[in-house]
file my_file-v9.cif (mmCIF, C-alpha atoms)
data_model
loop_
_atom_site.label_atom_id
_atom_site.label_comp_id
_atom_site.auth_asym_id
_atom_site.auth_seq_id
_atom_site.Cartn_x
_atom_site.Cartn_y
_atom_site.Cartn_z
CA MET A 20 106.86 130.29 85.73
CA VAL A 21 105.60 131.65 89.05
CA ILE A 22 108.22 132.62 91.63
CA PRO A 23 106.84 132.44 95.19
CA GLU A 24 107.05 135.81 96.96
CA ARG A 25 108.59 134.12 100.00
CA HIS A 26 111.43 132.79 97.86
CA LYS A 27 112.14 136.18 96.29
CA LYS A 28 112.14 137.83 99.73
CA LEU A 29 114.45 135.29 101.36
CA ILE A 30 116.90 135.31 98.45
CA ALA A 31 116.96 139.13 98.43
CA GLU A 32 117.55 139.22 102.19
CA ARG A 33 120.39 136.71 101.95
CA ASP A 34 121.92 138.66 99.05
CA HIS A 35 121.63 141.96 100.96
CA GLN A 36 123.48 140.33 103.86
CA ALA A 37 126.26 139.32 101.43
CA GLY A 38 125.57 135.70 102.34
CA LEU A 39 124.01 134.37 99.15
CA ARG A 40 125.56 130.97 98.41
CA GLN A 41 126.67 130.21 94.87
CA LEU A 42 128.13 127.18 93.15
CA LYS A 43 131.49 127.98 91.58
CA GLY A 44 132.62 124.82 89.81
CA ASP A 45 136.39 124.28 89.80
CA ALA A 46 137.24 127.84 90.86
CA GLN A 47 138.50 126.47 94.19
CA LEU A 48 141.36 124.33 92.82
CA GLY A 49 144.62 124.69 94.73
CA VAL A 50 146.22 123.62 97.99
CA ASP A 51 143.52 122.05 100.16
CA PHE A 52 142.98 123.54 103.57
CA PHE A 53 139.21 123.21 103.69
CA SER A 54 138.03 119.75 102.67
CA ASN A 55 137.13 116.68 104.74
CA ASP A 56 139.71 114.49 103.00
CA TYR A 57 141.62 114.04 106.28
CA LEU A 58 143.78 111.11 105.14
CA GLY A 59 144.42 112.43 101.65
CA LEU A 60 142.82 109.38 100.04
CA VAL A 61 140.89 111.45 97.51
CA HIS A 62 144.01 113.40 96.54
CA GLY A 63 146.31 110.42 96.41
CA GLY A 64 148.54 112.15 98.97
CA ALA A 65 149.24 115.16 96.75
CA GLY A 66 147.60 117.69 99.04
CA GLU A 67 146.16 119.62 96.09
CA LEU A 68 142.69 119.47 94.65
CA VAL A 69 142.91 118.18 91.11
CA ALA A 70 140.42 117.42 88.35
CA GLY A 71 139.35 113.79 88.04
CA ARG A 72 139.50 113.01 91.76
CA VAL A 73 137.73 109.82 92.83
CA GLY A 74 135.96 111.41 95.81
CA SER A 75 134.43 114.82 96.43
CA THR A 76 135.96 115.81 99.83
CA GLY A 77 132.96 117.80 101.08
CA SER A 78 129.66 119.44 100.27
CA ARG A 79 129.17 121.36 97.04
CA LEU A 80 129.34 124.68 98.90
CA LEU A 81 132.51 123.74 100.76
CA SER A 82 135.02 121.82 98.66
CA GLY A 83 132.97 119.36 96.61
CA ASP A 84 131.80 121.50 93.71
CA SER A 85 133.12 121.08 90.18
CA THR A 86 132.61 122.41 86.70
CA LEU A 87 131.57 118.87 85.77
CA ALA A 88 128.73 118.95 88.32
CA LEU A 89 127.45 122.23 86.87
CA GLU A 90 127.70 120.84 83.33
CA VAL A 91 125.82 117.67 84.29
CA GLU A 92 123.05 119.70 85.89
CA GLN A 93 122.65 121.89 82.82
CA ASN A 94 122.78 118.89 80.47
CA LEU A 95 120.02 117.21 82.45
CA ALA A 96 117.98 120.41 82.65
CA ASN A 97 118.20 120.67 78.86
CA PHE A 98 117.27 117.02 78.37
CA PHE A 99 114.24 117.27 80.66
CA ASN A 100 113.16 120.57 79.09
CA GLY A 101 113.78 122.71 82.15
CA GLU A 102 115.64 125.95 82.85
CA ALA A 103 117.81 124.61 85.68
CA ALA A 104 118.46 121.47 87.71
CA LEU A 105 120.06 120.62 91.04
CA LEU A 106 121.61 117.26 91.86
CA TYR A 107 120.89 115.28 95.01
CA GLN A 108 122.35 111.97 96.17
CA SER A 109 119.03 110.11 95.79
CA GLY A 110 115.35 110.58 95.09
CA TYR A 111 114.65 110.39 98.82
CA MET A 112 117.11 113.23 99.47
CA ALA A 113 115.69 115.27 96.59
CA ASN A 114 112.17 115.09 98.00
CA LEU A 115 113.43 115.83 101.49
CA GLY A 116 115.58 118.71 100.26
CA LEU A 117 112.84 120.31 98.19
CA LEU A 118 109.80 119.90 100.42
CA SER A 119 111.48 120.72 103.71
CA CYS A 120 112.23 124.29 102.64
CA VAL A 121 110.05 125.62 99.81
CA ALA A 122 106.95 126.25 101.93
CA GLY A 123 106.82 128.62 104.90
CA ARG A 124 104.85 128.17 108.13
CA THR A 125 101.80 130.00 106.77
CA ASP A 126 101.90 128.26 103.37
CA THR A 127 99.94 125.13 102.53
CA ILE A 128 101.08 121.81 101.05
CA ILE A 129 98.40 119.46 99.71
CA TYR A 130 99.53 115.98 98.75
CA ASP A 131 98.04 112.78 97.36
CA GLU A 132 97.43 110.36 100.21
CA LEU A 133 99.58 107.68 98.52
CA VAL A 134 102.77 109.69 98.02
CA HIS A 135 106.13 108.22 99.02
CA ALA A 136 107.44 108.41 102.59
CA SER A 137 110.19 110.81 101.49
CA ILE A 138 107.57 113.35 100.40
CA ARG A 139 105.69 112.99 103.68
CA GLN A 140 108.85 113.43 105.72
CA GLY A 141 109.90 116.49 103.74
CA ILE A 142 106.48 118.04 104.33
CA GLN A 143 106.72 117.31 108.06
CA LEU A 144 110.10 119.05 108.24
CA SER A 145 108.68 122.15 106.53
CA ASN A 146 106.35 122.95 109.48
CA SER A 147 103.87 124.34 106.95
CA ARG A 148 100.13 123.69 106.94
CA SER A 149 99.53 120.42 105.16
CA PHE A 150 96.84 117.89 104.42
CA SER A 151 96.25 115.07 102.00
CA PHE A 152 93.58 114.50 99.38
CA LYS A 153 92.07 111.17 98.41
CA HIS A 154 94.16 109.31 95.89
CA ASN A 155 93.66 110.70 92.38
CA ASP A 156 90.38 112.29 93.51
CA CYS A 157 90.26 115.71 91.85
CA SER A 158 86.98 116.64 93.54
CA ASP A 159 88.58 116.15 96.93
CA LEU A 160 91.67 118.04 95.78
CA GLU A 161 89.50 121.02 94.84
CA VAL A 162 87.87 120.99 98.28
CA LYS A 163 91.32 121.08 99.88
CA LEU A 164 92.51 123.84 97.53
CA GLN A 165 89.59 125.96 98.70
CA GLN A 166 90.86 125.54 102.28
CA ALA A 167 94.46 126.54 101.51
CA SER A 168 96.14 129.68 102.82
CA SER A 169 99.06 131.79 101.55
CA GLN A 170 101.08 130.09 98.82
CA CYS A 171 99.77 126.61 98.08
CA TYR A 172 101.80 123.68 96.75
CA VAL A 173 100.29 120.46 95.40
CA VAL A 174 102.48 117.34 95.43
CA VAL A 175 101.81 114.16 93.45
CA GLU A 176 103.72 111.29 91.93
CA SER A 177 103.35 110.62 88.24
CA LEU A 178 103.40 106.83 88.71
CA TYR A 179 102.55 105.40 92.13
CA SER A 180 105.00 102.72 93.16
CA MET A 181 102.71 100.57 95.30
CA ASP A 182 99.57 100.81 93.13
CA GLY A 183 101.05 101.13 89.66
CA ASP A 184 98.54 103.72 88.48
CA TRP A 185 99.17 107.10 86.85
CA ALA A 186 98.30 110.50 88.29
CA LYS A 187 95.35 112.33 86.73
CA LEU A 188 97.87 114.98 85.83
CA GLU A 189 95.86 117.04 83.33
CA GLN A 190 92.99 117.58 85.77
CA ILE A 191 95.37 118.23 88.66
CA ALA A 192 97.37 120.77 86.64
CA HIS A 193 94.14 122.52 85.61
CA LEU A 194 93.03 122.82 89.24
CA CYS A 195 96.43 124.13 90.31
CA GLU A 196 96.26 126.77 87.61
CA ALA A 197 92.72 127.77 88.62
CA TYR A 198 93.68 128.15 92.30
CA GLN A 199 97.17 129.57 91.66
CA ALA A 200 98.80 126.60 93.38
CA LEU A 201 102.29 125.43 92.43
CA LEU A 202 102.43 121.83 91.21
CA ILE A 203 105.28 119.49 92.18
CA VAL A 204 105.54 116.10 90.44
CA ASP A 205 107.79 113.25 91.55
CA GLU A 206 108.74 111.37 88.37
CA ALA A 207 110.76 108.67 90.15
CA HIS A 208 109.01 105.65 88.62
CA SER A 209 108.22 107.22 85.25
CA THR A 210 111.73 108.50 84.51
CA GLY A 211 113.02 106.61 81.50
CA ILE A 212 109.90 104.55 80.81
CA ILE A 213 107.49 107.04 79.23
CA GLY A 214 107.62 110.24 77.19
CA ALA A 215 109.90 111.14 74.28
CA HIS A 216 113.16 109.27 74.97
CA GLY A 217 112.00 108.57 78.52
CA ARG A 218 111.55 112.18 79.61
CA GLY A 219 108.71 111.23 81.93
CA PHE A 220 104.98 111.59 82.35
CA CYS A 221 104.91 115.40 82.44
CA GLN A 222 106.54 115.49 79.00
CA TYR A 223 104.26 112.71 77.74
CA LYS A 224 101.23 114.77 78.79
CA GLU A 225 102.81 118.01 77.45
CA LEU A 226 102.44 119.62 80.87
CA GLU A 227 106.03 120.56 81.70
CA GLU A 228 105.34 124.29 81.63
CA LYS A 229 102.45 123.84 84.08
CA VAL A 230 104.60 121.99 86.64
CA TRP A 231 106.62 124.19 88.98
CA ALA A 232 109.10 121.51 90.06
CA ARG A 233 109.82 118.01 88.82
CA ILE A 234 111.92 115.35 90.54
CA TYR A 235 113.71 112.78 88.37
CA THR A 236 115.32 109.80 90.09
CA PHE A 237 118.10 107.73 88.54
CA GLY A 238 117.90 104.83 91.00
CA LYS A 239 115.06 103.16 89.08
CA ALA A 240 115.11 102.79 85.27
CA ALA A 241 118.55 104.39 84.87
CA GLY A 242 120.16 101.87 87.21
CA MET A 243 122.37 104.32 89.12
CA HIS A 244 122.38 106.65 92.10
CA GLY A 245 121.28 110.27 92.21
CA ALA A 246 118.33 112.48 91.39
CA ILE A 247 117.63 116.02 90.20
CA VAL A 248 115.08 118.69 90.93
CA VAL A 249 114.18 120.52 87.71
CA GLY A 250 112.68 124.01 87.78
CA ASP A 251 113.64 127.60 87.05
CA ASN A 252 116.86 129.39 88.02
CA THR A 253 115.24 131.03 91.03
CA LEU A 254 114.21 127.67 92.44
CA LYS A 255 117.76 126.38 92.04
CA THR A 256 119.18 129.46 93.76
CA PHE A 257 116.68 129.04 96.59
CA LEU A 258 117.56 125.36 97.09
CA VAL A 259 121.31 126.06 97.04
CA ASN A 260 120.75 128.53 99.87
CA PHE A 261 117.98 126.94 101.94
CA SER A 262 117.85 123.17 101.24
CA LYS A 263 119.72 121.63 104.18
CA PRO A 264 120.03 118.12 102.69
CA PHE A 265 121.86 119.75 99.76
CA ILE A 266 123.93 122.23 101.78
CA TYR A 267 125.18 119.73 104.36
CA THR A 268 125.66 116.55 102.30
CA THR A 269 128.96 115.45 100.77
CA ALA A 270 128.89 115.98 97.02
CA MET A 271 128.92 113.16 94.49
CA ALA A 272 132.25 111.80 93.30
CA GLU A 273 133.17 112.61 89.71
CA LYS A 274 132.82 108.97 88.67
CA ASP A 275 129.14 109.20 89.67
CA LEU A 276 128.75 112.48 87.80
CA HIS A 277 130.15 110.90 84.65
CA LEU A 278 127.63 108.07 84.97
CA ILE A 279 124.70 110.42 85.49
CA ASN A 280 125.82 112.49 82.53
CA GLN A 281 125.13 109.43 80.36
CA VAL A 282 121.42 109.36 81.27
CA PRO A 283 120.26 111.31 78.17
CA SER A 284 122.19 109.05 75.78
CA LEU A 285 120.99 105.92 77.59
CA PHE A 286 117.37 107.02 77.46
CA GLU A 287 117.53 108.02 73.81
CA LYS A 288 117.82 104.33 72.91
CA ASP A 289 114.16 103.43 72.53
CA GLU A 290 114.48 99.67 71.95
CA CYS A 291 114.35 98.66 75.62
CA ARG A 292 111.50 101.06 76.34
CA ASP A 293 109.52 99.73 73.36
CA GLN A 294 110.06 96.16 74.54
CA LEU A 295 108.96 97.08 78.06
CA HIS A 296 105.66 98.44 76.76
CA GLU A 297 105.17 95.32 74.62
CA ASN A 298 105.66 93.22 77.76
CA ILE A 299 103.13 95.31 79.69
CA ALA A 300 100.55 94.80 76.95
CA PHE A 301 101.32 91.06 76.78
CA PHE A 302 101.05 90.73 80.56
CA ASN A 303 97.58 92.31 80.56
CA THR A 304 96.51 90.07 77.67
CA GLU A 305 97.65 86.98 79.54
CA VAL A 306 95.92 88.09 82.75
CA HIS A 307 92.65 88.23 80.77
CA ARG A 308 93.29 84.94 78.94
CA LEU A 309 93.97 83.06 82.17
CA GLY A 310 90.93 84.49 83.92
CA LEU A 311 92.91 86.43 86.51
CA GLY A 312 91.38 89.82 85.82
CA LEU A 313 89.53 89.99 89.15
CA PHE A 314 92.81 89.80 91.06
CA PHE A 315 94.83 92.38 89.14
CA SER A 316 94.74 96.16 88.94
CA ARG A 317 95.29 95.99 85.14
CA ASN A 318 97.66 98.95 85.10
CA ASN A 319 99.20 100.22 81.90
CA SER A 320 102.53 100.51 83.68
CA PRO A 321 105.46 98.25 84.65
CA ILE A 322 104.00 97.94 88.17
CA GLN A 323 101.26 95.31 88.35
CA ILE A 324 99.37 94.68 91.58
CA PHE A 325 97.93 91.30 92.56
CA MET A 326 95.31 91.45 95.33
CA PRO A 327 94.29 88.03 96.75
CA GLU A 328 90.75 87.35 97.94
CA SER A 329 92.11 86.93 101.46
CA ALA A 330 95.17 88.74 102.83
CA SER A 331 95.96 85.61 104.86
CA ASP A 332 96.88 83.83 101.61
CA LEU A 333 99.41 86.48 100.61
CA LEU A 334 102.60 85.05 102.10
CA GLY A 335 101.74 81.53 100.97
CA ILE A 336 101.23 82.71 97.40
CA ALA A 337 104.47 84.69 97.45
CA ASP A 338 106.36 81.69 98.88
CA HIS A 339 104.90 79.43 96.19
CA LEU A 340 105.99 81.76 93.38
CA GLN A 341 109.45 82.16 94.89
CA GLY A 342 109.72 78.39 95.15
CA GLU A 343 108.97 78.17 91.43
CA GLY A 344 111.83 80.56 90.72
CA PHE A 345 109.98 83.88 90.43
CA GLN A 346 111.28 86.74 92.53
CA VAL A 347 108.22 88.61 93.74
CA LYS A 348 107.54 90.33 97.04
CA ALA A 349 104.54 90.51 99.33
CA ILE A 350 103.85 94.14 100.28
CA ARG A 351 102.18 94.53 103.67
CA TYR A 352 101.18 97.16 106.20
CA PRO A 353 102.60 99.73 107.01
CA THR A 354 104.00 100.10 103.48
CA VAL A 355 100.41 99.87 102.23
CA PRO A 356 97.19 100.55 104.16
CA LYS A 357 95.80 97.87 106.48
CA GLY A 358 93.72 95.31 104.63
CA LEU A 359 95.25 96.16 101.26
CA ASP A 360 98.20 93.74 101.30
CA ARG A 361 99.33 92.75 97.84
CA ILE A 362 101.99 91.16 95.66
CA ARG A 363 103.83 93.71 93.56
CA ILE A 364 105.03 92.46 90.18
CA CYS A 365 107.51 94.64 88.31
CA LEU A 366 107.83 94.07 84.58
CA HIS A 367 111.05 94.70 82.67
CA SER A 368 112.23 94.89 79.10
CA PHE A 369 114.27 91.70 79.59
CA ASN A 370 111.36 89.52 80.76
CA THR A 371 110.36 87.06 78.03
CA SER A 372 106.81 86.20 77.07
CA ASP A 373 107.40 82.62 78.27
CA GLN A 374 108.49 83.92 81.67
CA ILE A 375 105.43 86.14 81.97
CA THR A 376 103.07 83.32 81.01
CA ALA A 377 104.78 80.92 83.42
CA LEU A 378 104.54 83.38 86.31
CA LEU A 379 100.82 83.88 85.75
CA TYR A 380 100.23 80.16 85.23
CA HIS A 381 101.87 79.29 88.57
CA LEU A 382 99.93 82.09 90.23
CA LYS A 383 96.66 80.71 88.89
CA GLU A 384 97.67 77.20 89.92
CA ARG A 385 98.32 78.31 93.51
CA ILE A 386 95.06 80.29 93.74
CA HIS A 387 92.97 77.31 92.69
CA SER A 388 94.91 74.66 94.64
#
call {"tool": "encode", "arguments": {"input": "my_file-v9.cif", "output": "structure tokens"}}
result
Amino acid sequence: MVIPERHKKLIAERDHQAGLRQLKGDAQLGVDFFSNDYLGLVHGGAGELVAGRVGSTGSRLLSGDSTLALEVEQNLANFFNGEAALLYQSGYMANLGLLSCVAGRTDTIIYDELVHASIRQGIQLSNSRSFSFKHNDCSDLEVKLQQASSQCYVVVESLYSMDGDWAKLEQIAHLCEAYQALLIVDEAHSTGIIGAHGRGFCQYKELEEKVWARIYTFGKAAGMHGAIVVGDNTLKTFLVNFSKPFIYTTAMAEKDLHLINQVPSLFEKDECRDQLHENIAFFNTEVHRLGLGLFFSRNNSPIQIFMPESASDLLGIADHLQGEGFQVKAIRYPTVPKGLDRIRICLHSFNTSDQITALLYHLKERIHS
């Protein structure tokens, strides 16, 4: 895996200054004179840091690190077929923490125009050169790659949350390789739902080795907080030293670490994932049977997008479905571009075929009323 020259230089400089930060697990156990546990609630009044505490008392680099955190990170790195992983409190924080620091002022970040707000904000904080390419348009991406300077990073999502379509990852990875750009893939909405035991879209496409950094979020299919950035050991060292959202955020409590450590075993149970994909196929079949194909994006994903003929009908349709007992949401500007308002329908493993048919029936009824 490529190591950006800027990263090697900054790490070497920090090491030469004897200021290289390192995670040390439970090496800091003892009488606490450095944490933020001012009332002793985490310690139970004991005044000493002990294993199994309910809180974390501070950032990982101050008092919040633990051997458990390091073990969880390595377990997740192994599960997602990576060399190393670093935990963040959420997917938003992971994107912010990664993208705000990896690129320098003279570097270039190119991103799909439909990426999540957290990616955009991280890029803004980096102060690097940046521009978007048209959604899933590899010809436009190549034009932008030709305009890049210094080290170039390309950022995409594997599954787009407001459109429900998949990235053209093979073509994008090929272009990145041809132009020596480093590919970053946010797997937030594909974590757990695709790939061997839910390892994500990069694994499904057998492209893990061509992706420089991957972000896996546990607030979606895993049903819990937290996220990880997966990459090589140098990337992890760089983030520990230069990612401000990691450095200055209170670490996770051990109860959360224990939950996150269960992700691999939860995902290895394929029954729910198989049922989800059966429901996706059934949904698309019913859309065709009921003559609703013109209104739907027909995505092969859990995110299905209904686009009415007139945006003015959107709220009325959403209200009608909610009144019939179906929890759906109208998605409007600025979350989506002007004029592209929609109803976003998320499918789950627990939705029954009768529920899916009923939802689409009531939708059809309201359209033609």
call {"tool": "atom_distance", "arguments": {"input": "my_file-v9.cif", "atom1": "CA of Ser145 in chain A", "atom2": "CA of Asp131 in chain A"}}
result
16.9 Å
call {"tool": "resolve_selection", "arguments": {"input": "my_file-v9.cif", "expression": "the PyMOL selection byres ((chain A and resi 196) around 12)", "output": "PyMOL selection string"}}
result
chain A and resi 20-21+161+164+171-173+189-195+197-202+226+228-231
call {"tool": "residues_around", "arguments": {"input": "my_file-v9.cif", "residues": "Val174 in chain A", "least_positions_apart": "4", "cutoff": "9 Å", "atoms": "all atoms listed in the file", "output": "NGL selection string"}}
result
:A and (128-131 or 134 or 138 or 201-205)
call {"tool": "write_last_selection", "arguments": {"input": "my_file-v9.cif", "atoms": "C-alpha atoms", "output": "PDB file, in the frame of the given file"}}
result
ATOM      1  CA  ILE A 128     101.080 121.810 101.050  1.00  0.00           C
ATOM      2  CA  ILE A 129      98.400 119.460  99.710  1.00  0.00           C
ATOM      3  CA  TYR A 130      99.530 115.980  98.750  1.00  0.00           C
ATOM      4  CA  ASP A 131      98.040 112.780  97.360  1.00  0.00           C
ATOM      5  CA  VAL A 134     102.770 109.690  98.020  1.00  0.00           C
ATOM      6  CA  ILE A 138     107.570 113.350 100.400  1.00  0.00           C
ATOM      7  CA  LEU A 201     102.290 125.430  92.430  1.00  0.00           C
ATOM      8  CA  LEU A 202     102.430 121.830  91.210  1.00  0.00           C
ATOM      9  CA  ILE A 203     105.280 119.490  92.180  1.00  0.00           C
ATOM     10  CA  VAL A 204     105.540 116.100  90.440  1.00  0.00           C
ATOM     11  CA  ASP A 205     107.790 113.250  91.550  1.00  0.00           C
TER      12      ASP A 205
END
call {"tool": "closest_residue", "arguments": {"input": "my_file-v9.cif", "among": "A:Ile266, A:Ala167, A:Ala122, A:Leu278", "to": "Leu81 in chain A", "atoms": "only C-alpha atoms"}}
result
A:Ile266
call {"tool": "closest_residue", "arguments": {"input": "my_file-v9.cif", "among": "A:Phe369, A:Tyr235, A:Phe220, A:Phe265", "to": "Arg292 in chain A", "atoms": "all atoms listed in the file"}}
result
A:Phe369
call {"tool": "residues_around", "arguments": {"input": "my_file-v9.cif", "residues": "Ala349 in chain A", "least_positions_apart": "2", "cutoff": "7 Å", "atoms": "all atoms listed in the file", "output": "VMD selection string"}}
result
chain A and resid 333 to 334 337 347 351 361 to 363
